[in-house]
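As stored in run-v4.pdb (PDB, C-alpha atoms):
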```pdb
ATOM      1  CA  MET A   1      61.932  78.316 104.842
ATOM      2  CA  PHE A   2      60.494  80.985 107.109
ATOM      3  CA  LYS A   3      63.484  80.627 109.369
ATOM      4  CA  LYS A   4      65.803  81.157 106.427
ATOM      5  CA  ILE A   5      64.049  84.348 105.454
ATOM      6  CA  ALA A   6      63.983  85.489 109.064
ATOM      7  CA  ALA A   7      67.753  85.019 109.246
ATOM      8  CA  GLY A   8      68.207  87.127 106.139
ATOM      9  CA  THR A   9      66.050  89.796 107.712
ATOM     10  CA  LEU A  10      68.127  89.691 110.885
ATOM     11  CA  ILE A  11      71.303  90.264 108.919
ATOM     12  CA  ALA A  12      69.569  92.970 106.908
ATOM     13  CA  ALA A  13      68.708  94.683 110.168
ATOM     14  CA  ILE A  14      72.305  94.386 111.375
ATOM     15  CA  THR A  15      73.799  95.799 108.200
ATOM     16  CA  ALA A  16      71.105  98.384 107.546
ATOM     17  CA  THR A  17      71.875 100.078 110.859
ATOM     18  CA  THR A  18      75.477 100.714 109.805
ATOM     19  CA  VAL A  19      75.794 104.449 110.107
ATOM     20  CA  PHE A  20      78.560 106.994 110.296
ATOM     21  CA  ALA A  21      78.853 109.175 113.349
ATOM     22  CA  GLY A  22      77.128 111.802 111.214
ATOM     23  CA  GLY A  23      74.049 109.614 111.110
ATOM     24  CA  HIS A  24      73.642 108.826 107.404
ATOM     25  CA  ALA A  25      73.585 105.306 106.001
ATOM     26  CA  ARG A  26      76.812 104.298 104.335
ATOM     27  CA  THR A  27      77.152 104.029 100.591
ATOM     28  CA  PRO A  28      78.904 100.898  99.244
ATOM     29  CA  ILE A  29      82.060 102.965  98.677
ATOM     30  CA  GLU A  30      81.989 104.382 102.211
ATOM     31  CA  ASN A  31      81.456 100.858 103.518
ATOM     32  CA  ALA A  32      84.428  99.528 101.542
ATOM     33  CA  ILE A  33      86.674 102.390 102.695
ATOM     34  CA  ALA A  34      85.677 101.770 106.313
ATOM     35  CA  ALA A  35      86.473  98.074 105.918
ATOM     36  CA  ARG A  36      89.918  98.559 104.419
ATOM     37  CA  GLN A  37      90.776 101.177 107.019
ATOM     38  CA  SER A  38      89.701  98.712 109.715
ATOM     39  CA  HIS A  39      91.935  96.106 108.130
ATOM     40  CA  MET A  40      94.875  98.556 108.188
ATOM     41  CA  GLN A  41      94.015  99.464 111.777
ATOM     42  CA  LEU A  42      94.417  95.823 112.784
ATOM     43  CA  TYR A  43      97.769  95.583 110.992
ATOM     44  CA  GLN A  44      98.856  98.655 112.901
ATOM     45  CA  PHE A  45      97.602  97.382 116.246
ATOM     46  CA  ASN A  46      99.506  94.107 115.958
ATOM     47  CA  LEU A  47     102.604  95.797 114.521
ATOM     48  CA  GLY A  48     102.435  98.121 117.498
ATOM     49  CA  VAL A  49     102.654  95.160 119.888
ATOM     50  CA  LEU A  50     105.739  93.827 118.070
ATOM     51  CA  GLY A  51     107.240  97.296 117.648
ATOM     52  CA  GLY A  52     106.854  98.077 121.327
ATOM     53  CA  MET A  53     108.907  94.997 122.160
ATOM     54  CA  ALA A  54     111.420  95.617 119.342
ATOM     55  CA  ARG A  55     112.332  99.031 120.670
ATOM     56  CA  GLY A  56     112.282  97.993 124.325
ATOM     57  CA  ASN A  57     109.246 100.002 125.422
ATOM     58  CA  VAL A  58     107.504  96.794 126.431
ATOM     59  CA  ASP A  59     109.150  93.680 127.881
ATOM     60  CA  TYR A  60     109.591  90.886 125.375
ATOM     61  CA  ASP A  61     106.796  88.320 125.786
ATOM     62  CA  ALA A  62     107.098  85.341 123.468
ATOM     63  CA  ALA A  63     103.412  84.382 123.691
ATOM     64  CA  ALA A  64     102.130  87.906 123.062
ATOM     65  CA  ALA A  65     104.616  88.385 120.217
ATOM     66  CA  SER A  66     103.542  85.113 118.614
ATOM     67  CA  ALA A  67      99.865  86.030 118.965
ATOM     68  CA  ALA A  68     100.462  89.384 117.278
ATOM     69  CA  ALA A  69     102.414  87.734 114.436
ATOM     70  CA  ASP A  70      99.717  85.071 114.036
ATOM     71  CA  ASN A  71      97.157  87.878 113.801
ATOM     72  CA  LEU A  72      99.191  89.584 111.067
ATOM     73  CA  VAL A  73      99.344  86.340 109.079
ATOM     74  CA  ALA A  74      95.568  85.891 109.475
ATOM     75  CA  LEU A  75      95.034  89.441 108.217
ATOM     76  CA  THR A  76      97.324  88.988 105.212
ATOM     77  CA  SER A  77      95.462  85.756 104.366
ATOM     78  CA  MET A  78      92.093  87.517 104.132
ATOM     79  CA  SER A  79      90.536  88.422 100.805
ATOM     80  CA  GLN A  80      90.463  92.159 100.176
ATOM     81  CA  ALA A  81      88.544  91.769  96.920
ATOM     82  CA  GLY A  82      85.525  93.608  98.310
ATOM     83  CA  TYR A  83      87.485  96.629  99.531
ATOM     84  CA  TRP A  84      89.013  98.219  96.456
ATOM     85  CA  LEU A  85      85.976  99.434  94.565
ATOM     86  CA  PRO A  86      86.366 101.663  91.498
ATOM     87  CA  ASP A  87      86.064 105.357  92.356
ATOM     88  CA  SER A  88      87.099 104.867  95.975
ATOM     89  CA  ASP A  89      90.398 106.770  95.606
ATOM     90  CA  THR A  90      91.320 110.266  96.776
ATOM     91  CA  GLY A  91      90.173 111.768  93.492
ATOM     92  CA  SER A  92      86.656 110.361  93.783
ATOM     93  CA  ALA A  93      85.864 109.699  97.455
ATOM     94  CA  GLU A  94      86.057 111.363 100.856
ATOM     95  CA  ASN A  95      87.927 110.115 103.912
ATOM     96  CA  THR A  96      90.539 108.069 102.102
ATOM     97  CA  ARG A  97      94.236 108.407 101.336
ATOM     98  CA  ALA A  98      94.174 105.645  98.688
ATOM     99  CA  LEU A  99      95.699 107.029  95.488
ATOM    100  CA  ALA A 100      94.268 106.296  92.041
ATOM    101  CA  ALA A 101      97.711 104.819  91.263
ATOM    102  CA  ILE A 102      96.521 101.662  93.073
ATOM    103  CA  TRP A 103      94.062 100.904  90.297
ATOM    104  CA  GLU A 104      96.577 101.877  87.601
ATOM    105  CA  ASN A 105      99.292  99.548  88.904
ATOM    106  CA  PHE A 106      97.380  96.591  90.188
ATOM    107  CA  PRO A 107     100.041  93.923  89.461
ATOM    108  CA  ASP A 108     102.562  95.942  91.484
ATOM    109  CA  VAL A 109     100.064  96.378  94.323
ATOM    110  CA  ILE A 110      99.486  92.621  94.389
ATOM    111  CA  ALA A 111     103.257  92.054  94.437
ATOM    112  CA  LYS A 112     103.669  94.460  97.358
ATOM    113  CA  VAL A 113     100.815  92.812  99.254
ATOM    114  CA  GLY A 114     102.518  89.476  98.600
ATOM    115  CA  ALA A 115     105.772  90.820 100.045
ATOM    116  CA  THR A 116     103.882  91.927 103.151
ATOM    117  CA  SER A 117     102.372  88.477 103.483
ATOM    118  CA  GLN A 118     105.808  86.848 103.206
ATOM    119  CA  ALA A 119     107.240  89.229 105.795
ATOM    120  CA  ALA A 120     104.359  88.406 108.155
ATOM    121  CA  VAL A 121     105.010  84.681 107.766
ATOM    122  CA  ALA A 122     108.711  85.297 108.509
ATOM    123  CA  MET A 123     107.708  87.281 111.595
ATOM    124  CA  GLN A 124     105.436  84.420 112.662
ATOM    125  CA  ALA A 125     108.463  82.122 112.631
ATOM    126  CA  ALA A 126     110.661  84.640 114.465
ATOM    127  CA  ALA A 127     108.420  86.393 116.982
ATOM    128  CA  GLY A 128     108.242  83.603 119.545
ATOM    129  CA  THR A 129     111.924  82.674 119.313
ATOM    130  CA  ASP A 130     113.608  85.602 121.059
ATOM    131  CA  LEU A 131     113.823  89.386 120.968
ATOM    132  CA  ALA A 132     116.759  89.485 118.544
ATOM    133  CA  SER A 133     114.865  87.331 116.040
ATOM    134  CA  LEU A 134     111.799  89.544 116.370
ATOM    135  CA  GLN A 135     113.898  92.665 115.808
ATOM    136  CA  ALA A 136     115.549  91.131 112.758
ATOM    137  CA  ALA A 137     112.175  90.217 111.223
ATOM    138  CA  MET A 138     110.906  93.753 111.780
ATOM    139  CA  ASN A 139     113.092  95.152 108.991
ATOM    140  CA  ALA A 140     111.334  93.288 106.213
ATOM    141  CA  LEU A 141     107.904  93.729 107.748
ATOM    142  CA  GLY A 142     108.198  97.474 108.313
ATOM    143  CA  GLY A 143     109.792  97.819 104.898
ATOM    144  CA  ALA A 144     106.955  95.950 103.189
ATOM    145  CA  CYS A 145     104.307  98.115 104.849
ATOM    146  CA  GLY A 146     106.231 101.263 104.017
ATOM    147  CA  ALA A 147     106.830 100.340 100.381
ATOM    148  CA  CYS A 148     103.113 100.136  99.677
ATOM    149  CA  HIS A 149     102.265 103.249 101.663
ATOM    150  CA  LYS A 150     104.998 105.283  99.985
ATOM    151  CA  ALA A 151     103.763 104.365  96.508
ATOM    152  CA  TYR A 152     100.023 104.277  97.025
ATOM    153  CA  ARG A 153      98.950 106.288 100.061
ATOM    154  CA  GLN A 154      98.543 110.038  99.955
ATOM    155  CA  ALA A 155     101.117 111.809 102.142
ATOM    156  CA  ARG A 156      99.702 113.883 104.988
TER     157      ARG A 156
ATOM    158  CA  MET B   1     122.661  95.681 114.945
ATOM    159  CA  PHE B   2     122.097  99.175 113.649
ATOM    160  CA  LYS B   3     119.642  97.844 111.127
ATOM    161  CA  LYS B   4     117.702  96.125 113.895
ATOM    162  CA  ILE B   5     117.457  99.316 115.881
ATOM    163  CA  ALA B   6     116.552 101.241 112.757
ATOM    164  CA  ALA B   7     113.679  98.847 112.108
ATOM    165  CA  GLY B   8     112.406  99.377 115.624
ATOM    166  CA  THR B   9     112.573 103.096 115.044
ATOM    167  CA  LEU B  10     110.640 102.750 111.808
ATOM    168  CA  ILE B  11     107.861 100.897 113.565
ATOM    169  CA  ALA B  12     107.957 103.421 116.370
ATOM    170  CA  ALA B  13     107.445 106.147 113.803
ATOM    171  CA  ILE B  14     104.543 104.243 112.248
ATOM    172  CA  THR B  15     102.794 103.644 115.540
ATOM    173  CA  ALA B  16     103.614 106.986 117.113
ATOM    174  CA  THR B  17     101.796 108.810 114.351
ATOM    175  CA  THR B  18      98.535 107.040 115.209
ATOM    176  CA  VAL B  19      96.182 109.887 115.901
ATOM    177  CA  PHE B  20      92.473 110.414 116.179
ATOM    178  CA  ALA B  21      90.741 112.812 113.840
ATOM    179  CA  GLY B  22      90.887 115.211 116.780
ATOM    180  CA  GLY B  23      94.667 115.180 116.510
ATOM    181  CA  HIS B  24      95.761 113.774 119.870
ATOM    182  CA  ALA B  25      97.894 110.667 120.253
ATOM    183  CA  ARG B  26      95.931 107.635 121.320
ATOM    184  CA  THR B  27      96.118 106.220 124.820
ATOM    185  CA  PRO B  28      96.526 102.437 125.107
ATOM    186  CA  ILE B  29      92.817 102.154 125.954
ATOM    187  CA  GLU B  30      91.793 104.265 122.967
ATOM    188  CA  ASN B  31      94.066 102.147 120.792
ATOM    189  CA  ALA B  32      92.507  98.906 122.080
ATOM    190  CA  ILE B  33      88.972 100.229 121.568
ATOM    191  CA  ALA B  34      89.829 101.280 118.008
ATOM    192  CA  ALA B  35      91.266  97.818 117.312
ATOM    193  CA  ARG B  36      88.267  95.897 118.597
ATOM    194  CA  GLN B  37      85.870  98.184 116.743
ATOM    195  CA  SER B  38      87.909  97.568 113.580
ATOM    196  CA  HIS B  39      87.633  93.840 114.200
ATOM    197  CA  MET B  40      83.835  94.166 114.567
ATOM    198  CA  GLN B  41      83.737  96.323 111.445
ATOM    199  CA  LEU B  42      85.345  93.520 109.460
ATOM    200  CA  TYR B  43      82.853  90.984 110.831
ATOM    201  CA  GLN B  44      80.089  93.316 109.738
ATOM    202  CA  PHE B  45      81.546  93.916 106.278
ATOM    203  CA  ASN B  46      81.810  90.201 105.513
ATOM    204  CA  LEU B  47      78.425  89.429 107.085
ATOM    205  CA  GLY B  48      77.037  92.165 104.876
ATOM    206  CA  VAL B  49      78.288  90.359 101.768
ATOM    207  CA  LEU B  50      76.632  87.115 102.884
ATOM    208  CA  GLY B  51      73.490  88.904 104.106
ATOM    209  CA  GLY B  52      73.081  90.729 100.804
ATOM    210  CA  MET B  53      73.018  87.397  99.007
ATOM    211  CA  ALA B  54      70.825  85.730 101.650
ATOM    212  CA  ARG B  55      68.070  88.271 101.236
ATOM    213  CA  GLY B  56      68.377  88.468  97.446
ATOM    214  CA  ASN B  57      69.678  92.033  97.212
ATOM    215  CA  VAL B  58      72.825  90.741  95.521
ATOM    216  CA  ASP B  59      73.058  87.777  93.138
ATOM    217  CA  TYR B  60      74.458  84.649  94.750
ATOM    218  CA  ASP B  61      78.159  84.301  93.903
ATOM    219  CA  ALA B  62      79.767  81.147  95.277
ATOM    220  CA  ALA B  63      83.326  82.500  95.124
ATOM    221  CA  ALA B  64      82.481  85.796  96.775
ATOM    222  CA  ALA B  65      80.396  84.033  99.433
ATOM    223  CA  SER B  66      83.226  81.617 100.179
ATOM    224  CA  ALA B  67      85.733  84.460 100.406
ATOM    225  CA  ALA B  68      83.520  86.318 102.883
ATOM    226  CA  ALA B  69      83.056  83.181 104.985
ATOM    227  CA  ASP B  70      86.808  82.465 104.884
ATOM    228  CA  ASN B  71      87.382  86.009 106.099
ATOM    229  CA  LEU B  72      84.985  85.482 109.010
ATOM    230  CA  VAL B  73      86.825  82.315 110.015
ATOM    231  CA  ALA B  74      90.169  84.149 109.828
ATOM    232  CA  LEU B  75      88.746  86.896 112.044
ATOM    233  CA  THR B  76      87.366  84.468 114.627
ATOM    234  CA  SER B  77      90.765  82.730 114.708
ATOM    235  CA  MET B  78      92.593  85.910 115.692
ATOM    236  CA  SER B  79      93.673  86.581 119.257
ATOM    237  CA  GLN B  80      91.702  89.395 120.876
ATOM    238  CA  ALA B  81      93.785  89.268 124.062
ATOM    239  CA  GLY B  82      95.160  92.761 123.488
ATOM    240  CA  TYR B  83      91.748  94.382 122.962
ATOM    241  CA  TRP B  84      89.875  93.961 126.209
ATOM    242  CA  LEU B  85      91.870  96.092 128.615
ATOM    243  CA  PRO B  86      90.565  96.792 132.118
ATOM    244  CA  ASP B  87      88.700 100.102 132.320
ATOM    245  CA  SER B  88      87.802 100.108 128.630
ATOM    246  CA  ASP B  89      84.050  99.678 129.244
ATOM    247  CA  THR B  90      81.241 102.240 128.992
ATOM    248  CA  GLY B  91      81.642 103.155 132.646
ATOM    249  CA  SER B  92      85.309 104.095 132.262
ATOM    250  CA  ALA B  93      86.023 105.004 128.648
ATOM    251  CA  GLU B  94      84.655 107.130 125.817
ATOM    252  CA  ASN B  95      83.529 105.943 122.379
ATOM    253  CA  THR B  96      82.663 102.404 123.351
ATOM    254  CA  ARG B  97      79.481 100.404 123.872
ATOM    255  CA  ALA B  98      81.280  97.552 125.658
ATOM    256  CA  LEU B  99      79.516  96.918 128.970
ATOM    257  CA  ALA B 100      81.411  96.194 132.204
ATOM    258  CA  ALA B 101      79.450  92.916 132.256
ATOM    259  CA  ILE B 102      82.017  91.585 129.770
ATOM    260  CA  TRP B 103      84.708  91.573 132.425
ATOM    261  CA  GLU B 104      82.318  90.230 135.068
ATOM    262  CA  ASN B 105      81.222  87.243 132.950
ATOM    263  CA  PHE B 106      84.343  86.321 131.086
ATOM    264  CA  PRO B 107      83.674  82.558 130.822
ATOM    265  CA  ASP B 108      80.299  83.304 129.222
ATOM    266  CA  VAL B 109      81.899  85.793 126.836
ATOM    267  CA  ILE B 110      84.450  83.170 125.792
ATOM    268  CA  ALA B 111      81.632  80.652 125.273
ATOM    269  CA  LYS B 112      79.712  83.121 123.097
ATOM    270  CA  VAL B 113      82.837  83.910 121.074
ATOM    271  CA  GLY B 114      83.323  80.162 120.638
ATOM    272  CA  ALA B 115      79.769  79.812 119.345
ATOM    273  CA  THR B 116      80.460  82.580 116.829
ATOM    274  CA  SER B 117      83.594  80.794 115.697
ATOM    275  CA  GLN B 118      81.667  77.527 115.227
ATOM    276  CA  ALA B 119      78.955  79.323 113.267
ATOM    277  CA  ALA B 120      81.609  80.910 111.031
ATOM    278  CA  VAL B 121      83.154  77.494 110.347
ATOM    279  CA  ALA B 122      79.693  76.151 109.477
ATOM    280  CA  MET B 123      79.172  79.107 107.143
ATOM    281  CA  GLN B 124      82.543  78.402 105.547
ATOM    282  CA  ALA B 125      81.314  74.902 104.682
ATOM    283  CA  ALA B 126      77.939  76.172 103.419
ATOM    284  CA  ALA B 127      78.619  79.478 101.671
ATOM    285  CA  GLY B 128      80.113  78.071  98.475
ATOM    286  CA  THR B 129      77.567  75.233  98.121
ATOM    287  CA  ASP B 130      74.428  77.082  97.091
ATOM    288  CA  LEU B 131      72.158  79.906  98.188
ATOM    289  CA  ALA B 132      69.870  77.712 100.289
ATOM    290  CA  SER B 133      72.840  76.384 102.262
ATOM    291  CA  LEU B 134      74.130  79.911 102.808
ATOM    292  CA  GLN B 135      70.712  81.059 104.016
ATOM    293  CA  ALA B 136      70.435  78.097 106.382
ATOM    294  CA  ALA B 137      73.859  78.835 107.912
ATOM    295  CA  MET B 138      72.932  82.465 108.451
ATOM    296  CA  ASN B 139      70.556  81.600 111.308
ATOM    297  CA  ALA B 140      73.274  80.349 113.614
ATOM    298  CA  LEU B 141      75.754  83.016 112.565
ATOM    299  CA  GLY B 142      73.380  85.939 113.016
ATOM    300  CA  GLY B 143      72.157  84.414 116.256
ATOM    301  CA  ALA B 144      75.691  84.041 117.629
ATOM    302  CA  CYS B 145      76.547  87.669 116.847
ATOM    303  CA  GLY B 146      73.275  88.857 118.335
ATOM    304  CA  ALA B 147      73.576  86.806 121.523
ATOM    305  CA  CYS B 148      76.834  88.512 122.464
ATOM    306  CA  HIS B 149      75.646  91.971 121.470
ATOM    307  CA  LYS B 150      72.402  91.618 123.412
ATOM    308  CA  ALA B 151      74.223  90.637 126.588
ATOM    309  CA  TYR B 152      77.334  92.770 126.392
ATOM    310  CA  ARG B 153      76.853  95.775 124.121
ATOM    311  CA  GLN B 154      75.130  98.922 125.282
ATOM    312  CA  ALA B 155      71.827  99.486 123.462
ATOM    313  CA  ARG B 156      71.609 102.683 121.415
TER     314      ARG B 156
END
```
Let me see whether you can do it: turn the structure in this file into structure tokens.
Amino acid sequence: MFKKIAAGTLIAAITATTVFAGGHARTPIENAIAARQSHMQLYQFNLGVLGGMARGNVDYDAAAASAAADNLVALTSMSQAGYWLPDSDTGSAENTRALAAIWENFPDVIAKVGATSQAAVAMQAAAGTDLASLQAAMNALGGACGACHKAYRQAR
Amino acid sequence: MFKKIAAGTLIAAITATTVFAGGHARTPIENAIAARQSHMQLYQFNLGVLGGMARGNVDYDAAAASAAADNLVALTSMSQAGYWLPDSDTGSAENTRALAAIWENFPDVIAKVGATSQAAVAMQAAAGTDLASLQAAMNALGGACGACHKAYRQAR
């Protein structure tokens, strides 16, 4: 039993030291915003790998393309239930571009996330085949990302 | 064919607008560091959910615990091959705590990552069972995270 409590304390120590660069402990909303932005960052990183090949800036590499597509599918499979806390939109929180419209149109958001997931699965099937297949799958994938951003992310 | 090229251009536009808060475009090393820190951030977020329950700060919720553990397994399943570029350690790059020892001890790093993956799978089996099972699985999971950080992450 002591070991169980000690493990909890270890994790408490790990999470309690989560700080912003500014040095203050994160609030739950700041923590959720950081997590969803990290999730988006990983979409972007793996899309960047595929996009670099699609536009010919990087040589096509079937294994690397497949790995990036697999990563996108893993990301779309993850639960985001902990990320989208009430009052974490642009009207209520700092350092976010998430519009309140997300919370007002949740069924549509879920549908758009589902479309992204489907496009990632299609990319997973295409990415390792050849460059033309990868390029063809990029349309739906880029479109799915863009559809959600256009509707629900504050323009810069 | 035009549509294929247009899709590539769309992704190029998405990735080319990746900027730091400072406003400059990211180098490949900066991009890789941001991606691996995002990956770590998502480990931490999901560990935080489990840790909050383990230490009694948050009521045990089997579904939420399972979702967090599933997320950890998804994260450990992702390829990190694009993250660990040469010259992206503390001796060569800014805004990282990744020690050069990572690149000098790669088989050990892979072993430690494998131990983390195993601990996440064990947590996946335990998290939805009951609180005691979750707490018991936290030992190995916290230990696996800590073992890699102790060896390969610069102390603050």
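Between CA of Leu50 (chain A) and CA of Tyr152 (chain A) lies a distance of 24.2 Å.
Here, the PyMOL selection byres ((chain B and resi 130) around 12) matches Leu50, Met53, Ala54, Asp59, Tyr60, Asp61, Ala62, Ala63, Ala64, Ala65, Ser66, Met123, Gln124, Ala125, Ala126, Ala127, Gly128, Thr129, Leu131, Ala132, Ser133, Leu134, Gln135, Ala136 and Ala137 of chain B.
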*For the atom pair CA of Ile33 (chain B) and CA of Asn95 (chain B), what is the interatomic distance in Å to one decimal place?*
7.9 Å
Both chains have the same sequence, so match all Cα atoms in order, fit chain A onto chain B by least squares, and return it as a compact mmCIF listing (two decimals) with C-alpha atoms, keeping the file's coordinate frame.
```
# COMPACT_ATOMS: atom_id res chain seq x y z
CA MET A 1 122.61 95.60 115.02
CA PHE A 2 122.12 99.11 113.70
CA LYS A 3 119.66 97.79 111.18
CA LYS A 4 117.69 96.12 113.95
CA ILE A 5 117.46 99.34 115.90
CA ALA A 6 116.57 101.25 112.76
CA ALA A 7 113.70 98.84 112.14
CA GLY A 8 112.42 99.40 115.65
CA THR A 9 112.59 103.13 115.05
CA LEU A 10 110.66 102.75 111.81
CA ILE A 11 107.88 100.91 113.58
CA ALA A 12 107.98 103.45 116.39
CA ALA A 13 107.47 106.16 113.80
CA ILE A 14 104.55 104.26 112.26
CA THR A 15 102.80 103.68 115.57
CA ALA A 16 103.66 107.03 117.12
CA THR A 17 101.80 108.84 114.34
CA THR A 18 98.55 107.05 115.22
CA VAL A 19 96.19 109.90 115.93
CA PHE A 20 92.48 110.42 116.20
CA ALA A 21 90.77 112.80 113.85
CA GLY A 22 90.92 115.24 116.75
CA GLY A 23 94.69 115.20 116.52
CA HIS A 24 95.78 113.80 119.89
CA ALA A 25 97.90 110.68 120.28
CA ARG A 26 95.92 107.64 121.33
CA THR A 27 96.11 106.23 124.82
CA PRO A 28 96.51 102.43 125.11
CA ILE A 29 92.80 102.15 125.95
CA GLU A 30 91.77 104.26 122.95
CA ASN A 31 94.06 102.14 120.79
CA ALA A 32 92.50 98.91 122.07
CA ILE A 33 88.96 100.23 121.55
CA ALA A 34 89.82 101.28 118.00
CA ALA A 35 91.24 97.82 117.31
CA ARG A 36 88.25 95.89 118.59
CA GLN A 37 85.87 98.18 116.73
CA SER A 38 87.89 97.57 113.57
CA HIS A 39 87.62 93.85 114.19
CA MET A 40 83.83 94.16 114.56
CA GLN A 41 83.73 96.33 111.43
CA LEU A 42 85.33 93.51 109.44
CA TYR A 43 82.84 90.98 110.82
CA GLN A 44 80.08 93.31 109.73
CA PHE A 45 81.54 93.92 106.28
CA ASN A 46 81.80 90.21 105.51
CA LEU A 47 78.42 89.43 107.08
CA GLY A 48 77.02 92.16 104.88
CA VAL A 49 78.28 90.36 101.76
CA LEU A 50 76.62 87.10 102.88
CA GLY A 51 73.49 88.88 104.10
CA GLY A 52 73.06 90.71 100.82
CA MET A 53 73.00 87.38 99.01
CA ALA A 54 70.81 85.71 101.67
CA ARG A 55 68.05 88.25 101.25
CA GLY A 56 68.36 88.45 97.47
CA ASN A 57 69.67 92.02 97.22
CA VAL A 58 72.80 90.73 95.53
CA ASP A 59 73.04 87.77 93.15
CA TYR A 60 74.44 84.64 94.76
CA ASP A 61 78.14 84.29 93.90
CA ALA A 62 79.74 81.14 95.28
CA ALA A 63 83.30 82.50 95.12
CA ALA A 64 82.46 85.81 96.79
CA ALA A 65 80.38 84.03 99.44
CA SER A 66 83.22 81.62 100.17
CA ALA A 67 85.73 84.47 100.40
CA ALA A 68 83.52 86.32 102.88
CA ALA A 69 83.06 83.17 104.99
CA ASP A 70 86.80 82.46 104.87
CA ASN A 71 87.38 86.02 106.08
CA LEU A 72 84.98 85.49 108.99
CA VAL A 73 86.82 82.32 110.00
CA ALA A 74 90.17 84.17 109.82
CA LEU A 75 88.75 86.91 112.03
CA THR A 76 87.36 84.47 114.60
CA SER A 77 90.76 82.73 114.69
CA MET A 78 92.59 85.92 115.67
CA SER A 79 93.66 86.59 119.24
CA GLN A 80 91.71 89.40 120.87
CA ALA A 81 93.79 89.27 124.04
CA GLY A 82 95.15 92.77 123.46
CA TYR A 83 91.75 94.39 122.95
CA TRP A 84 89.86 93.95 126.20
CA LEU A 85 91.86 96.08 128.60
CA PRO A 86 90.56 96.78 132.12
CA ASP A 87 88.69 100.09 132.32
CA SER A 88 87.80 100.11 128.63
CA ASP A 89 84.05 99.68 129.23
CA THR A 90 81.25 102.24 128.98
CA GLY A 91 81.64 103.16 132.63
CA SER A 92 85.31 104.08 132.27
CA ALA A 93 86.02 105.00 128.63
CA GLU A 94 84.65 107.13 125.81
CA ASN A 95 83.53 105.94 122.39
CA THR A 96 82.66 102.39 123.34
CA ARG A 97 79.48 100.40 123.86
CA ALA A 98 81.28 97.54 125.65
CA LEU A 99 79.52 96.91 128.97
CA ALA A 100 81.41 96.19 132.19
CA ALA A 101 79.44 92.91 132.25
CA ILE A 102 82.02 91.58 129.75
CA TRP A 103 84.72 91.59 132.41
CA GLU A 104 82.32 90.23 135.05
CA ASN A 105 81.26 87.25 132.94
CA PHE A 106 84.37 86.33 131.06
CA PRO A 107 83.71 82.56 130.81
CA ASP A 108 80.33 83.30 129.21
CA VAL A 109 81.91 85.80 126.82
CA ILE A 110 84.47 83.18 125.78
CA ALA A 111 81.66 80.66 125.26
CA LYS A 112 79.74 83.12 123.08
CA VAL A 113 82.85 83.92 121.06
CA GLY A 114 83.35 80.17 120.63
CA ALA A 115 79.78 79.82 119.34
CA THR A 116 80.47 82.58 116.82
CA SER A 117 83.61 80.80 115.69
CA GLN A 118 81.69 77.53 115.22
CA ALA A 119 78.96 79.32 113.27
CA ALA A 120 81.61 80.91 111.03
CA VAL A 121 83.16 77.51 110.33
CA ALA A 122 79.70 76.15 109.47
CA MET A 123 79.16 79.10 107.14
CA GLN A 124 82.54 78.40 105.53
CA ALA A 125 81.31 74.91 104.68
CA ALA A 126 77.94 76.17 103.42
CA ALA A 127 78.61 79.47 101.68
CA GLY A 128 80.09 78.08 98.47
CA THR A 129 77.57 75.24 98.13
CA ASP A 130 74.41 77.08 97.12
CA LEU A 131 72.14 79.92 98.22
CA ALA A 132 69.86 77.71 100.32
CA SER A 133 72.83 76.38 102.29
CA LEU A 134 74.12 79.91 102.84
CA GLN A 135 70.70 81.05 104.05
CA ALA A 136 70.44 78.10 106.41
CA ALA A 137 73.87 78.83 107.92
CA MET A 138 72.91 82.47 108.46
CA ASN A 139 70.56 81.60 111.33
CA ALA A 140 73.29 80.35 113.63
CA LEU A 141 75.75 83.02 112.57
CA GLY A 142 73.39 85.95 113.02
CA GLY A 143 72.16 84.41 116.25
CA ALA A 144 75.69 84.05 117.62
CA CYS A 145 76.55 87.67 116.84
CA GLY A 146 73.28 88.86 118.34
CA ALA A 147 73.60 86.81 121.52
CA CYS A 148 76.85 88.52 122.45
CA HIS A 149 75.66 91.98 121.47
CA LYS A 150 72.41 91.61 123.40
CA ALA A 151 74.24 90.62 126.59
CA TYR A 152 77.34 92.77 126.38
CA ARG A 153 76.86 95.77 124.11
CA GLN A 154 75.12 98.92 125.26
CA ALA A 155 71.82 99.48 123.43
CA ARG A 156 71.60 102.67 121.39
```
Mind listing whatever residues come within 12 Å of the point (95.2, 86.9, 102.3)? Use all atoms listed in the file, file coordinates, and give them as a CSV table (one decimal) with C-alpha atoms, in the frame of the given file.
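File written: out_10.csv
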```csv
chain,number,residue,atom,x,y,z
A,39,HIS,CA,91.9,96.1,108.1
A,71,ASN,CA,97.2,87.9,113.8
A,72,LEU,CA,99.2,89.6,111.1
A,73,VAL,CA,99.3,86.3,109.1
A,74,ALA,CA,95.6,85.9,109.5
A,75,LEU,CA,95.0,89.4,108.2
A,76,THR,CA,97.3,89.0,105.2
A,77,SER,CA,95.5,85.8,104.4
A,78,MET,CA,92.1,87.5,104.1
A,79,SER,CA,90.5,88.4,100.8
A,80,GLN,CA,90.5,92.2,100.2
A,81,ALA,CA,88.5,91.8,96.9
A,110,ILE,CA,99.5,92.6,94.4
A,113,VAL,CA,100.8,92.8,99.3
A,114,GLY,CA,102.5,89.5,98.6
A,115,ALA,CA,105.8,90.8,100.0
A,116,THR,CA,103.9,91.9,103.2
A,117,SER,CA,102.4,88.5,103.5
A,118,GLN,CA,105.8,86.8,103.2
A,120,ALA,CA,104.4,88.4,108.2
A,121,VAL,CA,105.0,84.7,107.8
B,67,ALA,CA,85.7,84.5,100.4
B,68,ALA,CA,83.5,86.3,102.9
B,70,ASP,CA,86.8,82.5,104.9
B,71,ASN,CA,87.4,86.0,106.1
B,74,ALA,CA,90.2,84.1,109.8
B,75,LEU,CA,88.7,86.9,112.0
```
